[in-house]
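Just data.txt here, compact mmCIF, C-alpha atoms and all ligand atoms:
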# COMPACT_ATOMS: atom_id res chain seq x y z
CA MET A 1 6.65 -29.29 71.68
CA ILE A 2 7.55 -26.34 73.90
CA ILE A 3 8.17 -23.16 71.90
CA SER A 4 11.41 -21.47 72.91
CA ASN A 5 12.46 -17.84 72.57
CA PRO A 6 13.78 -16.69 69.16
CA LYS A 7 17.51 -17.02 68.50
CA GLY A 8 19.50 -14.07 69.82
CA THR A 9 16.88 -12.99 72.36
CA GLN A 10 17.10 -13.39 76.11
CA ASP A 11 14.65 -13.91 78.94
CA PHE A 12 15.36 -12.06 82.15
CA LEU A 13 14.10 -14.50 84.76
CA PRO A 14 13.21 -13.04 88.17
CA LEU A 15 16.73 -13.32 89.55
CA GLN A 16 18.27 -11.57 86.52
CA SER A 17 15.48 -9.02 86.48
CA GLY A 18 16.48 -8.06 90.03
CA GLN A 19 20.02 -7.43 88.83
CA LYS A 20 18.80 -5.59 85.72
CA HIS A 21 16.70 -3.33 87.90
CA LEU A 22 19.66 -2.64 90.19
CA VAL A 23 21.91 -1.68 87.25
CA GLU A 24 19.20 0.59 85.84
CA THR A 25 18.64 2.21 89.23
CA ARG A 26 22.36 2.94 89.66
CA PHE A 27 22.41 4.36 86.14
CA ARG A 28 19.47 6.66 86.85
CA GLU A 29 21.14 7.82 90.06
CA THR A 30 24.46 8.50 88.35
CA VAL A 31 23.12 10.41 85.34
CA GLY A 32 20.76 12.31 87.66
CA LEU A 33 23.83 13.77 89.40
CA TYR A 34 24.77 15.37 86.09
CA GLY A 35 21.33 16.75 85.33
CA PHE A 36 20.12 14.22 82.74
CA SER A 37 16.35 13.57 82.37
CA GLU A 38 14.76 10.53 80.81
CA ILE A 39 13.51 10.44 77.23
CA VAL A 40 11.51 7.52 75.84
CA THR A 41 11.22 7.13 72.08
CA PRO A 42 9.61 4.32 70.04
CA THR A 43 11.35 1.00 69.46
CA PHE A 44 10.70 1.35 65.73
CA GLU A 45 11.17 4.30 63.40
CA HIS A 46 11.05 5.06 59.68
CA THR A 47 13.96 3.20 58.08
CA GLU A 48 15.15 6.41 56.44
CA LEU A 49 16.05 7.84 59.87
CA PHE A 50 18.74 5.20 60.37
CA LEU A 51 19.94 5.29 56.77
CA ARG A 52 20.57 9.00 57.17
CA SER A 53 22.35 8.75 60.53
CA THR A 54 23.84 5.43 61.57
CA GLY A 55 25.46 5.33 58.14
CA LEU A 56 25.16 3.42 54.88
CA THR A 57 28.66 1.98 55.26
CA THR A 58 28.32 0.62 58.80
CA ASP A 59 27.85 -3.05 59.66
CA ILE A 60 24.64 -2.10 61.45
CA ILE A 61 23.03 -0.82 58.26
CA THR A 62 24.66 -3.11 55.70
CA LYS A 63 24.14 -6.36 57.61
CA GLN A 64 22.13 -6.03 60.79
CA ILE A 65 18.95 -4.03 60.50
CA TYR A 66 15.56 -5.51 61.27
CA GLN A 67 13.64 -3.89 58.45
CA PHE A 68 10.12 -4.60 57.21
CA ILE A 69 7.22 -3.08 55.34
CA ASP A 70 4.24 -2.74 57.67
CA LYS A 71 0.63 -3.41 56.72
CA GLY A 72 0.24 0.24 55.73
CA GLY A 73 3.16 -0.01 53.30
CA ARG A 74 5.59 1.98 55.51
CA ASP A 75 9.28 1.10 55.52
CA ILE A 76 9.99 0.45 59.19
CA THR A 77 13.11 -0.55 61.15
CA LEU A 78 13.38 -1.82 64.71
CA ARG A 79 15.86 0.64 66.21
CA PRO A 80 19.43 -0.68 66.23
CA GLU A 81 20.51 2.21 68.49
CA GLY A 82 18.96 5.07 70.43
CA THR A 83 20.63 8.25 69.16
CA PRO A 84 18.79 8.78 65.83
CA GLY A 85 15.33 8.59 67.45
CA ILE A 86 16.37 11.04 70.15
CA VAL A 87 17.81 13.55 67.70
CA ARG A 88 14.60 13.22 65.68
CA ALA A 89 12.57 14.01 68.82
CA VAL A 90 14.77 17.02 69.66
CA LEU A 91 14.00 18.48 66.24
CA GLN A 92 10.38 17.36 66.01
CA TYR A 93 9.47 18.97 69.35
CA ASN A 94 11.92 21.83 68.95
CA LEU A 95 13.39 21.12 72.40
CA LYS A 96 15.12 24.04 74.06
CA LEU A 97 18.90 23.62 73.93
CA PRO A 98 21.10 22.66 75.59
CA VAL A 99 19.32 19.52 76.73
CA ARG A 100 20.68 16.50 78.64
CA MET A 101 18.74 13.26 78.24
CA PHE A 102 19.15 9.61 79.14
CA TYR A 103 17.38 6.47 77.93
CA ILE A 104 17.10 2.80 78.78
CA GLY A 105 15.57 0.34 76.37
CA PRO A 106 15.86 -2.57 73.93
CA MET A 107 17.75 -2.31 70.63
CA PHE A 108 17.68 -4.78 67.72
CA ARG A 109 20.48 -5.94 65.46
CA TYR A 110 20.57 -9.06 63.32
CA GLU A 111 23.94 -10.27 64.61
CA ARG A 112 25.56 -13.66 64.93
CA PRO A 113 24.50 -14.42 68.51
CA GLN A 114 27.08 -15.44 71.10
CA LYS A 115 27.80 -14.70 74.74
CA GLY A 116 27.48 -10.93 75.17
CA ARG A 117 26.09 -10.42 71.66
CA TYR A 118 22.38 -10.70 71.03
CA ARG A 119 19.76 -9.72 68.47
CA GLU A 120 17.69 -7.96 71.09
CA PHE A 121 19.71 -6.25 73.80
CA TYR A 122 19.29 -3.32 76.16
CA GLN A 123 21.23 -0.12 76.11
CA LEU A 124 21.57 2.55 78.76
CA GLY A 125 22.54 5.81 77.13
CA VAL A 126 22.97 9.55 77.51
CA GLU A 127 22.77 12.34 74.95
CA ALA A 128 23.77 15.96 75.56
CA VAL A 129 22.57 18.13 72.68
CA GLY A 130 23.66 21.74 72.28
CA GLU A 131 26.91 21.79 74.25
CA ILE A 132 30.07 22.46 72.31
CA GLY A 133 32.54 20.98 74.81
CA PRO A 134 35.22 20.12 75.65
CA ASP A 135 33.90 20.12 79.26
CA ILE A 136 30.80 18.09 78.43
CA ASP A 137 32.97 15.51 76.62
CA VAL A 138 34.84 14.92 79.86
CA GLU A 139 31.67 15.04 81.91
CA ILE A 140 30.13 12.30 79.75
CA ILE A 141 33.23 10.10 80.08
CA GLU A 142 33.22 10.76 83.83
CA ILE A 143 29.60 9.57 84.07
CA GLY A 144 30.61 6.24 82.55
CA SER A 145 33.59 5.88 84.87
CA ARG A 146 31.57 6.80 87.93
CA PHE A 147 28.78 4.42 86.98
CA PHE A 148 31.10 1.44 86.52
CA THR A 149 33.01 2.22 89.73
CA GLY A 150 29.70 2.55 91.59
CA LEU A 151 28.68 -0.91 90.38
CA GLY A 152 31.94 -2.28 91.72
CA LEU A 153 33.41 -3.00 88.25
CA LYS A 154 37.07 -2.20 88.74
CA ASP A 155 38.53 -3.68 85.58
CA VAL A 156 37.07 -1.17 83.11
CA ILE A 157 39.46 0.79 80.90
CA THR A 158 38.36 3.96 79.12
CA LYS A 159 39.85 4.22 75.64
CA VAL A 160 39.82 7.69 74.12
CA ASN A 161 40.51 8.94 70.61
CA SER A 162 39.54 11.74 68.26
CA VAL A 163 38.01 10.91 64.88
CA GLY A 164 38.30 14.47 63.58
CA CYS A 165 35.80 16.34 61.44
CA ALA A 166 34.96 17.06 57.80
CA VAL A 167 38.00 19.34 57.59
CA CYS A 168 40.61 16.80 58.75
CA ARG A 169 39.17 13.65 57.23
CA PRO A 170 39.82 14.09 53.47
CA LYS A 171 43.62 14.10 53.84
CA HIS A 172 43.52 11.10 56.16
CA ARG A 173 41.15 9.29 53.85
CA THR A 174 43.54 9.74 50.94
CA GLU A 175 46.55 8.50 52.93
CA LEU A 176 44.61 5.55 54.34
CA GLY A 177 43.32 4.72 50.86
CA LEU A 178 46.90 4.58 49.56
CA PHE A 179 47.95 2.37 52.48
CA LEU A 180 45.09 -0.04 51.77
CA GLU A 181 45.88 -0.08 48.07
CA ARG A 182 49.49 -1.04 48.87
CA ASN A 183 48.31 -3.81 51.19
CA LYS A 184 45.35 -5.00 49.13
CA ALA A 185 46.57 -8.60 49.04
CA LYS A 186 46.74 -8.83 52.85
CA ILE A 187 43.31 -7.48 53.85
CA CYS A 188 40.09 -9.47 54.22
CA ASP A 189 37.20 -9.22 51.74
CA ASP A 190 35.11 -7.13 54.15
CA CYS A 191 37.93 -4.62 54.44
CA LYS A 192 38.26 -4.47 50.64
CA GLY A 193 34.64 -3.30 50.59
CA ARG A 194 35.26 -0.88 53.47
CA ALA A 195 38.29 0.53 51.64
CA GLU A 196 36.00 1.47 48.74
CA ARG A 197 33.07 2.80 50.74
CA ASN A 198 34.57 4.36 53.88
CA PRO A 199 38.21 3.43 54.60
CA MET A 200 38.12 4.48 58.28
CA ARG A 201 35.69 1.59 58.94
CA ILE A 202 38.60 -0.87 58.46
CA PHE A 203 39.56 -0.22 62.07
CA ASP A 204 36.29 -1.96 63.12
CA CYS A 205 37.54 -5.21 61.53
CA LYS A 206 37.81 -8.10 63.96
CA GLU A 207 40.16 -10.22 61.78
CA ALA A 208 43.48 -10.70 63.61
CA THR A 209 45.60 -10.30 60.46
CA CYS A 210 43.84 -7.06 59.53
CA GLN A 211 44.13 -5.74 63.09
CA GLU A 212 47.86 -6.39 63.07
CA LEU A 213 48.34 -4.76 59.70
CA TYR A 214 46.41 -1.65 60.72
CA ILE A 215 48.79 -0.94 63.61
CA ASN A 216 50.93 0.71 60.94
CA ALA A 217 48.06 2.34 59.02
CA PRO A 218 47.67 6.15 59.06
CA LYS A 219 45.53 7.17 62.05
CA ILE A 220 43.03 10.02 61.95
CA VAL A 221 44.28 11.48 65.26
CA ASP A 222 47.59 12.29 63.54
CA TYR A 223 45.75 14.31 60.85
CA LEU A 224 43.56 16.53 63.02
CA CYS A 225 42.93 20.13 61.95
CA PHE A 226 43.89 22.91 64.36
CA ASP A 227 40.43 23.20 65.97
CA CYS A 228 40.03 19.44 66.45
CA GLN A 229 43.53 19.23 67.85
CA GLN A 230 42.81 22.00 70.37
CA HIS A 231 39.54 20.40 71.35
CA PHE A 232 41.13 17.00 71.82
CA GLN A 233 44.05 18.36 73.81
CA SER A 234 41.62 20.16 76.15
CA VAL A 235 39.67 16.93 76.63
CA LEU A 236 42.83 15.01 77.49
CA ASN A 237 44.03 17.76 79.87
CA GLU A 238 40.68 17.87 81.65
CA LEU A 239 40.60 14.08 81.98
CA VAL A 240 43.98 14.28 83.71
CA GLU A 241 42.79 17.23 85.82
CA ARG A 242 39.73 15.28 87.00
CA LYS A 243 41.87 12.20 87.62
CA ILE A 244 39.82 10.04 85.27
CA PRO A 245 41.99 7.14 84.14
CA PHE A 246 42.06 6.67 80.36
CA GLU A 247 44.12 5.23 77.56
CA LEU A 248 44.71 7.01 74.25
CA ASN A 249 43.85 4.49 71.54
CA LYS A 250 44.44 5.65 67.98
CA MET A 251 42.78 2.59 66.41
CA MET A 252 39.45 3.09 68.16
CA VAL A 253 37.01 4.70 65.71
CA ARG A 254 33.63 3.30 66.88
CA GLY A 255 31.20 1.55 64.56
CA LEU A 256 28.90 4.43 63.62
CA ASP A 257 29.35 6.96 60.83
CA TYR A 258 28.17 10.11 62.55
CA TYR A 259 30.90 10.45 65.17
CA THR A 260 33.11 13.53 65.08
CA ARG A 261 36.02 14.59 67.30
CA THR A 262 36.00 12.83 70.71
CA ALA A 263 35.26 9.10 70.60
CA PHE A 264 35.60 6.75 73.54
CA GLU A 265 34.94 3.20 74.61
CA PHE A 266 34.66 1.45 77.98
CA VAL A 267 36.39 -1.93 77.81
CA SER A 268 36.28 -4.60 80.49
CA SER A 269 38.93 -7.21 81.15
CA SER A 270 36.45 -9.42 83.01
CA SER A 271 36.93 -13.07 82.08
CA GLU A 272 33.13 -13.40 81.88
CA LEU A 273 33.03 -11.35 78.67
CA GLY A 274 35.63 -12.92 76.41
CA ALA A 275 35.68 -11.31 72.96
CA GLN A 276 32.66 -9.09 73.66
CA ASP A 277 34.68 -6.92 76.02
CA SER A 278 33.24 -3.53 75.07
CA LEU A 279 30.80 -2.43 77.77
CA GLY A 280 29.89 0.70 75.88
CA GLY A 281 31.09 3.70 74.03
CA GLY A 282 30.18 6.93 72.41
CA GLY A 283 31.38 10.20 71.08
CA ARG A 284 30.60 13.55 69.64
CA TYR A 285 28.18 13.84 66.72
CA ASP A 286 28.34 17.50 65.80
CA ASN A 287 26.76 17.14 62.34
CA LEU A 288 23.82 14.84 63.00
CA VAL A 289 21.25 17.49 63.92
CA GLU A 290 22.14 19.39 60.77
CA ASP A 291 22.03 16.21 58.68
CA PHE A 292 18.45 15.74 59.93
CA GLY A 293 17.54 19.21 58.66
CA GLY A 294 18.11 21.15 61.89
CA PRO A 295 20.49 24.00 62.67
CA LYS A 296 24.19 23.33 63.26
CA THR A 297 24.19 21.86 66.78
CA PRO A 298 26.98 20.18 68.71
CA ALA A 299 26.10 16.96 70.56
CA ILE A 300 27.67 14.04 72.38
CA GLY A 301 26.49 10.80 73.94
CA PHE A 302 27.23 7.21 74.82
CA ALA A 303 25.45 3.86 74.94
CA LEU A 304 26.26 1.03 77.35
CA GLY A 305 25.28 -2.61 76.94
CA LEU A 306 23.16 -3.83 79.84
CA GLU A 307 23.67 -7.57 79.26
CA ARG A 308 27.45 -7.19 79.13
CA ILE A 309 27.42 -5.16 82.34
CA MET A 310 25.40 -7.95 83.95
CA LEU A 311 27.85 -10.57 82.66
CA ALA A 312 30.75 -8.58 84.11
CA LEU A 313 28.93 -8.33 87.45
CA GLY A 314 28.56 -12.11 87.61
CA THR A 315 25.66 -14.32 88.70
CA PRO A 316 23.41 -12.36 91.03
CA ARG A 317 22.57 -13.59 94.49
CA PRO A 318 18.88 -13.41 95.36
CA ILE A 319 17.98 -10.40 97.44
CA ARG A 320 16.12 -11.78 100.43
CA LYS A 321 13.61 -9.36 101.86
CA ALA A 322 10.12 -10.84 102.18
CA VAL A 323 8.52 -12.45 105.23
CA TYR A 324 6.73 -15.79 104.83
CA ILE A 325 3.98 -16.50 107.35
CA ILE A 326 3.13 -20.11 108.15
CA PRO A 327 0.05 -20.76 110.31
CA LEU A 328 0.41 -24.33 111.58
CA ASP A 329 -3.28 -25.11 111.42
CA PRO A 330 -6.11 -24.02 109.07
CA SER A 331 -7.96 -22.67 112.13
CA ILE A 332 -5.12 -20.12 112.59
CA GLN A 333 -5.27 -18.89 109.00
CA LYS A 334 -7.26 -15.87 110.20
CA GLN A 335 -4.39 -14.74 112.46
CA GLY A 336 -2.00 -15.34 109.58
CA LYS A 337 -4.07 -13.05 107.35
CA GLU A 338 -4.12 -10.37 110.04
CA LEU A 339 -0.35 -10.47 110.38
CA LEU A 340 -0.02 -10.41 106.58
CA ARG A 341 -2.07 -7.22 106.40
CA LEU A 342 -0.19 -5.67 109.31
CA LEU A 343 3.21 -6.29 107.69
CA ARG A 344 2.18 -5.04 104.27
CA ASN A 345 0.67 -1.91 105.82
CA ALA A 346 4.08 -1.35 107.44
CA ASN A 347 5.69 -1.65 103.96
CA ILE A 348 7.22 -5.03 104.75
CA PRO A 349 6.86 -7.48 101.82
CA ALA A 350 4.97 -10.52 103.11
CA LEU A 351 3.37 -13.75 101.89
CA LEU A 352 1.05 -16.25 103.54
CA ASN A 353 1.41 -20.02 103.31
CA ASN A 354 -1.54 -21.80 101.74
CA PRO A 355 -3.43 -24.02 104.25
CA ASP A 356 -2.93 -27.06 102.00
CA LYS A 357 0.85 -26.87 102.50
CA ASN A 358 2.33 -28.18 105.74
CA LEU A 359 5.24 -26.60 107.65
CA ARG A 360 7.90 -28.48 105.70
CA ALA A 361 6.40 -27.56 102.34
CA GLY A 362 5.93 -23.97 103.53
CA LEU A 363 9.60 -23.67 104.53
CA GLY A 364 10.58 -25.00 101.10
CA ILE A 365 8.43 -22.39 99.36
CA ALA A 366 9.86 -19.62 101.59
CA ASP A 367 13.34 -20.65 100.52
CA ASN A 368 12.37 -20.87 96.82
CA LEU A 369 10.87 -17.41 96.96
CA ALA A 370 14.09 -16.13 98.59
CA CYS A 371 12.28 -14.89 101.70
CA GLU A 372 14.37 -13.41 104.50
CA TYR A 373 12.12 -14.43 107.39
CA VAL A 374 9.57 -17.08 108.23
CA ILE A 375 7.05 -16.45 110.99
CA ILE A 376 5.48 -19.60 112.38
CA ILE A 377 2.17 -19.36 114.19
CA GLY A 378 0.78 -22.32 116.15
CA SER A 379 -2.19 -22.40 118.51
CA GLU A 380 0.13 -21.95 121.55
CA GLU A 381 1.65 -18.89 119.88
CA VAL A 382 -1.79 -17.43 119.25
CA LYS A 383 -2.73 -17.99 122.89
CA LYS A 384 0.47 -16.35 124.18
CA GLN A 385 0.59 -13.75 121.42
CA ILE A 386 4.23 -14.68 120.86
CA TYR A 387 5.34 -15.77 117.39
CA THR A 388 8.39 -17.70 116.22
CA VAL A 389 10.52 -15.61 113.84
CA LYS A 390 13.10 -17.51 111.79
CA ASN A 391 15.84 -15.62 109.99
CA LEU A 392 16.59 -17.70 106.87
CA VAL A 393 19.80 -15.82 106.08
CA LYS A 394 21.40 -16.07 109.52
CA ARG A 395 19.70 -19.37 110.26
CA THR A 396 18.55 -18.21 113.69
CA GLN A 397 15.16 -18.05 115.35
CA LYS A 398 13.56 -16.32 118.30
CA GLN A 399 10.23 -15.78 120.02
CA VAL A 400 8.83 -12.31 119.46
CA PRO A 401 5.74 -10.80 121.12
CA GLN A 402 3.15 -10.06 118.46
CA ASN A 403 3.14 -6.33 119.19
CA GLN A 404 6.92 -6.12 118.63
CA ILE A 405 7.06 -7.99 115.33
CA ILE A 406 7.26 -4.93 113.09
CA GLU A 407 9.86 -3.28 115.28
CA VAL A 408 12.01 -6.40 115.25
CA LEU A 409 11.68 -6.91 111.49
CA THR A 410 12.47 -3.31 110.64
CA ASN A 411 15.26 -2.94 113.17
CA LYS A 412 17.42 -5.57 111.55
CA GLU A 413 20.59 -4.69 113.44
CA ASN A 414 19.11 -6.10 116.65
CA GLN A 415 17.56 -9.08 114.97
CA SER A 416 19.21 -12.43 115.50
P1 LIG A 501 27.24 0.61 69.86
O1 LIG A 501 25.83 1.15 69.86
O2 LIG A 501 27.51 -0.34 68.73
O3 LIG A 501 28.26 1.69 70.01
O4 LIG A 501 27.37 -0.30 71.16
C1 LIG A 501 27.42 0.21 72.46
C2 LIG A 501 27.39 -0.95 73.43
O5 LIG A 501 26.17 -1.65 73.32
C3 LIG A 501 28.46 -2.00 73.19
O6 LIG A 501 29.68 -1.63 73.78
C4 LIG A 501 27.86 -3.21 73.86
O7 LIG A 501 28.07 -3.18 75.24
C5 LIG A 501 26.40 -3.04 73.56
N1 LIG A 501 26.01 -3.82 72.39
C6 LIG A 501 26.10 -3.47 71.07
N2 LIG A 501 25.63 -4.45 70.28
C7 LIG A 501 25.25 -5.45 71.10
C8 LIG A 501 24.67 -6.74 70.89
N3 LIG A 501 24.38 -7.20 69.67
N4 LIG A 501 24.39 -7.51 71.98
C9 LIG A 501 24.65 -7.06 73.23
N5 LIG A 501 25.18 -5.85 73.48
C10 LIG A 501 25.48 -5.05 72.44
Translate the structure of the given file into structure tokens.
Ligand code: AMP
Amino acid sequence: MIISNPKGTQDFLPLQSGQKHLVETRFRETVGLYGFSEIVTPTFEHTELFLRSTGLTTDIITKQIYQFIDKGGRDITLRPEGTPGIVRAVLQYNLKLPVRMFYIGPMFRYERPQKGRYREFYQLGVEAVGEIGPDIDVEIIEIGSRFFTGLGLKDVITKVNSVGCAVCRPKHRTELGLFLERNKAKICDDCKGRAERNPMRIFDCKEATCQELYINAPKIVDYLCFDCQQHFQSVLNELVERKIPFELNKMMVRGLDYYTRTAFEFVSSSSELGAQDSLGGGGRYDNLVEDFGGPKTPAIGFALGLERIMLALGTPRPIRKAVYIIPLDPSIQKQGKELLRLLRNANIPALLNNPDKNLRAGLGIADNLACEYVIIIGSEEVKKQIYTVKNLVKRTQKQVPQNQIIEVLTNKENQS
């Protein structure tokens, strides 16, 4: 029996890998414009790191962590998100602040797998540590907008909210608690638990009846303290100033405990995504560094889901760029090898047909490998030093003198 991949994981076959690479490249280019440098942290950390940051009341910690005791007796967790490891590294290496970092890598959550939701998935993220805002808040949201626009994803809406701080939350928590108490009979069992542990988490609930009920629940943004209100107003003004389209969404609180003040989410209306329409999100986490034992340090970041971005982009078309050389006779293989070397030395990707494959089979392989050109060399061609160059995309062919091959292949405008 063939062993298949574990439930909730995905293989990126060559075609998808091409698209994955393209998305990652665009991401690197975009964040580079804003001065972000890459940070790479381990895919597993001490479990305690996540318990102290992601939050004991979140779905990620209560239901989804991949936790195990390793052979040395250490309590280890496969990272469900990137931020805690990065904040750990900032403190561990005493990085000079402010610092702007980005990351790309796999995350692990024991979820109920479905389209757009996996147990291993990739996130592309940014973290700016040491900047108080509100300018950086807007800058971070702008990066997301610019990145999605650059990818050609037009149907992405940016939802923005403020989730306040330790000063504004107690009053809201009390009011929300009373609301939930009054509506106890109408809320789902999960929300009953959330109401006890951390009432604001009820807004994460996916149950339609709960969602409808919470439209009338007290919202944190209406309870902001003076400083949070000022901060939020400046963020909204600057978003307008920079002409970044957004939607104020009072119900959006994000699924992690450490967020403070600005929170945002990028939502796609692409039909490819269905219920998993959140392409990414983030927010401020002004207390996390301190919670980890560091000095009081403001910070903000976001994480985007690579697989969902790829779903929104749609099935990729193969990028045709290589040249496939077919010598028509084993005696011409030597000339084929020479041309192969010549092309590769000119930075043109090239492959050579195996002598045991005839022309027909060779053309089939060239097509399978998504080559752009086929160059056919027969004994006549060798004699005349003129080769047949077939363009597989345009379905044209022409005779090209051997010494002009590179020029013709690299000067694609003139190539028919
Ligand atoms: P979060 O870290 O929960 O704020 O999620 C940020 C983004 O990561 C989401 O908007 C999704 O695009 C993506 N994401 C989160 N969980 C999953 C998952 N289980 N499978 C695929 N993508 C995910």
Measuring atom to atom with all atoms listed in the file, identify which of A:Leu97, A:Gly116, A:Tyr373, A:Pro298 is nearest to Lys394 in chain A. A:Tyr373
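Counting all atoms listed in the file and comparing A:Ala299, A:Ala217, A:Val323, A:Val235, the residue that lies closest to Pro84 in chain A is A:Ala299.
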Contacts of Phe121 in chain A within 6 Å, all atoms listed in the file, excl. fewer than 2 positions in-chain, as a ChimeraX atom specification: /A:106-107,118
Hey, which of A:Ile319, A:Val289, A:Met252, A:Ile365 ends up closest to ligand LIG 501 (chain A)? Count all atoms listed in the file. A:Met252
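Interatomic distance, CA of Phe266 in chain A to CA of Gly280 in chain A: 5.3 Å.
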Name each residue within 9 Å of ligand LIG 501 (chain A), counting all atoms listed in the file, as a ChimeraX atom specification. /A:8,60,80-83,107-125,254-256,265-267,276-282,302-309
Val389 in chain A: which residues within 6 Å, counting only C-alpha atoms, same-chain residues fewer than 4 positions away excluded, as a ChimeraX atom specification? /A:374-375,397-398
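One distance worth recording is that between CA of Ile325 in chain A and CA of Ala350 in chain A, which is 7.4 Å.
The space between CA of Met101 in chain A and CA of Gln10 in chain A spans 26.8 Å.
Closest approach to Asn287 in chain A among A:Thr260, A:Thr158, A:Gln404, A:Asn368: A:Thr260, based on all atoms listed in the file.
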Close residues, Lys390 in chain A itself excluded, 12 Å, all atoms listed in the file, min 2 positions apart in chain, as number ranges by chain: A: 323-326, 363, 366-367, 371-377, 387-388, 392-400, 405, 408-409, 415-416
Using only C-alpha atoms, the best pick from A:Pro218, A:Pro401, A:Gly364, A:Gly55 as closest to Lys250 in chain A would be A:Pro218
Completed range 393-406 of chain A (N, CA, C and O atoms) as a PDB file, in the frame of the given file:
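Printed below is rebuild31.pdb as written:
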ATOM      1  N   VAL A 393      18.442 -16.156 106.516  1.00  0.00           N
ATOM      2  CA  VAL A 393      19.800 -15.820 106.080  1.00  0.00           C
ATOM      3  C   VAL A 393      20.789 -16.215 107.170  1.00  0.00           C
ATOM      4  O   VAL A 393      21.782 -16.894 106.927  1.00  0.00           O
ATOM      5  N   LYS A 394      20.471 -15.786 108.405  1.00  0.00           N
ATOM      6  CA  LYS A 394      21.400 -16.070 109.520  1.00  0.00           C
ATOM      7  C   LYS A 394      21.166 -17.444 110.145  1.00  0.00           C
ATOM      8  O   LYS A 394      21.914 -17.866 111.014  1.00  0.00           O
ATOM      9  N   ARG A 395      20.079 -18.072 109.716  1.00  0.00           N
ATOM     10  CA  ARG A 395      19.700 -19.370 110.260  1.00  0.00           C
ATOM     11  C   ARG A 395      19.543 -19.333 111.782  1.00  0.00           C
ATOM     12  O   ARG A 395      20.108 -20.149 112.513  1.00  0.00           O
ATOM     13  N   THR A 396      18.838 -18.324 112.266  1.00  0.00           N
ATOM     14  CA  THR A 396      18.550 -18.210 113.690  1.00  0.00           C
ATOM     15  C   THR A 396      17.047 -18.107 113.869  1.00  0.00           C
ATOM     16  O   THR A 396      16.320 -17.853 112.898  1.00  0.00           O
ATOM     17  N   GLN A 397      16.588 -18.285 115.101  1.00  0.00           N
ATOM     18  CA  GLN A 397      15.160 -18.050 115.350  1.00  0.00           C
ATOM     19  C   GLN A 397      14.943 -17.556 116.759  1.00  0.00           C
ATOM     20  O   GLN A 397      15.754 -17.814 117.649  1.00  0.00           O
ATOM     21  N   LYS A 398      13.877 -16.741 116.928  1.00  0.00           N
ATOM     22  CA  LYS A 398      13.560 -16.320 118.300  1.00  0.00           C
ATOM     23  C   LYS A 398      12.066 -16.066 118.458  1.00  0.00           C
ATOM     24  O   LYS A 398      11.349 -15.927 117.458  1.00  0.00           O
ATOM     25  N   GLN A 399      11.647 -16.014 119.711  1.00  0.00           N
ATOM     26  CA  GLN A 399      10.230 -15.780 120.020  1.00  0.00           C
ATOM     27  C   GLN A 399      10.037 -14.270 120.142  1.00  0.00           C
ATOM     28  O   GLN A 399      10.775 -13.607 120.874  1.00  0.00           O
ATOM     29  N   VAL A 400       9.045 -13.760 119.431  1.00  0.00           N
ATOM     30  CA  VAL A 400       8.830 -12.310 119.460  1.00  0.00           C
ATOM     31  C   VAL A 400       7.363 -12.019 119.797  1.00  0.00           C
ATOM     32  O   VAL A 400       6.468 -12.560 119.147  1.00  0.00           O
ATOM     33  N   PRO A 401       7.131 -11.167 120.824  1.00  0.00           N
ATOM     34  CA  PRO A 401       5.740 -10.800 121.120  1.00  0.00           C
ATOM     35  C   PRO A 401       5.100 -10.159 119.889  1.00  0.00           C
ATOM     36  O   PRO A 401       5.756  -9.392 119.186  1.00  0.00           O
ATOM     37  N   GLN A 402       3.840 -10.497 119.679  1.00  0.00           N
ATOM     38  CA  GLN A 402       3.150 -10.060 118.460  1.00  0.00           C
ATOM     39  C   GLN A 402       3.245  -8.553 118.247  1.00  0.00           C
ATOM     40  O   GLN A 402       3.468  -8.089 117.151  1.00  0.00           O
ATOM     41  N   ASN A 403       3.131  -7.788 119.356  1.00  0.00           N
ATOM     42  CA  ASN A 403       3.140  -6.330 119.190  1.00  0.00           C
ATOM     43  C   ASN A 403       4.542  -5.747 118.931  1.00  0.00           C
ATOM     44  O   ASN A 403       4.698  -4.552 118.780  1.00  0.00           O
ATOM     45  N   GLN A 404       5.559  -6.638 118.914  1.00  0.00           N
ATOM     46  CA  GLN A 404       6.920  -6.120 118.630  1.00  0.00           C
ATOM     47  C   GLN A 404       7.456  -6.609 117.280  1.00  0.00           C
ATOM     48  O   GLN A 404       8.590  -6.339 116.914  1.00  0.00           O
ATOM     49  N   ILE A 405       6.602  -7.365 116.573  1.00  0.00           N
ATOM     50  CA  ILE A 405       7.060  -7.990 115.330  1.00  0.00           C
ATOM     51  C   ILE A 405       7.614  -6.967 114.334  1.00  0.00           C
ATOM     52  O   ILE A 405       8.720  -7.113 113.819  1.00  0.00           O
ATOM     53  N   ILE A 406       6.845  -5.922 114.104  1.00  0.00           N
ATOM     54  CA  ILE A 406       7.260  -4.930 113.090  1.00  0.00           C
ATOM     55  C   ILE A 406       8.563  -4.278 113.502  1.00  0.00           C
ATOM     56  O   ILE A 406       9.489  -4.126 112.688  1.00  0.00           O
TER      57      ILE A 406
END
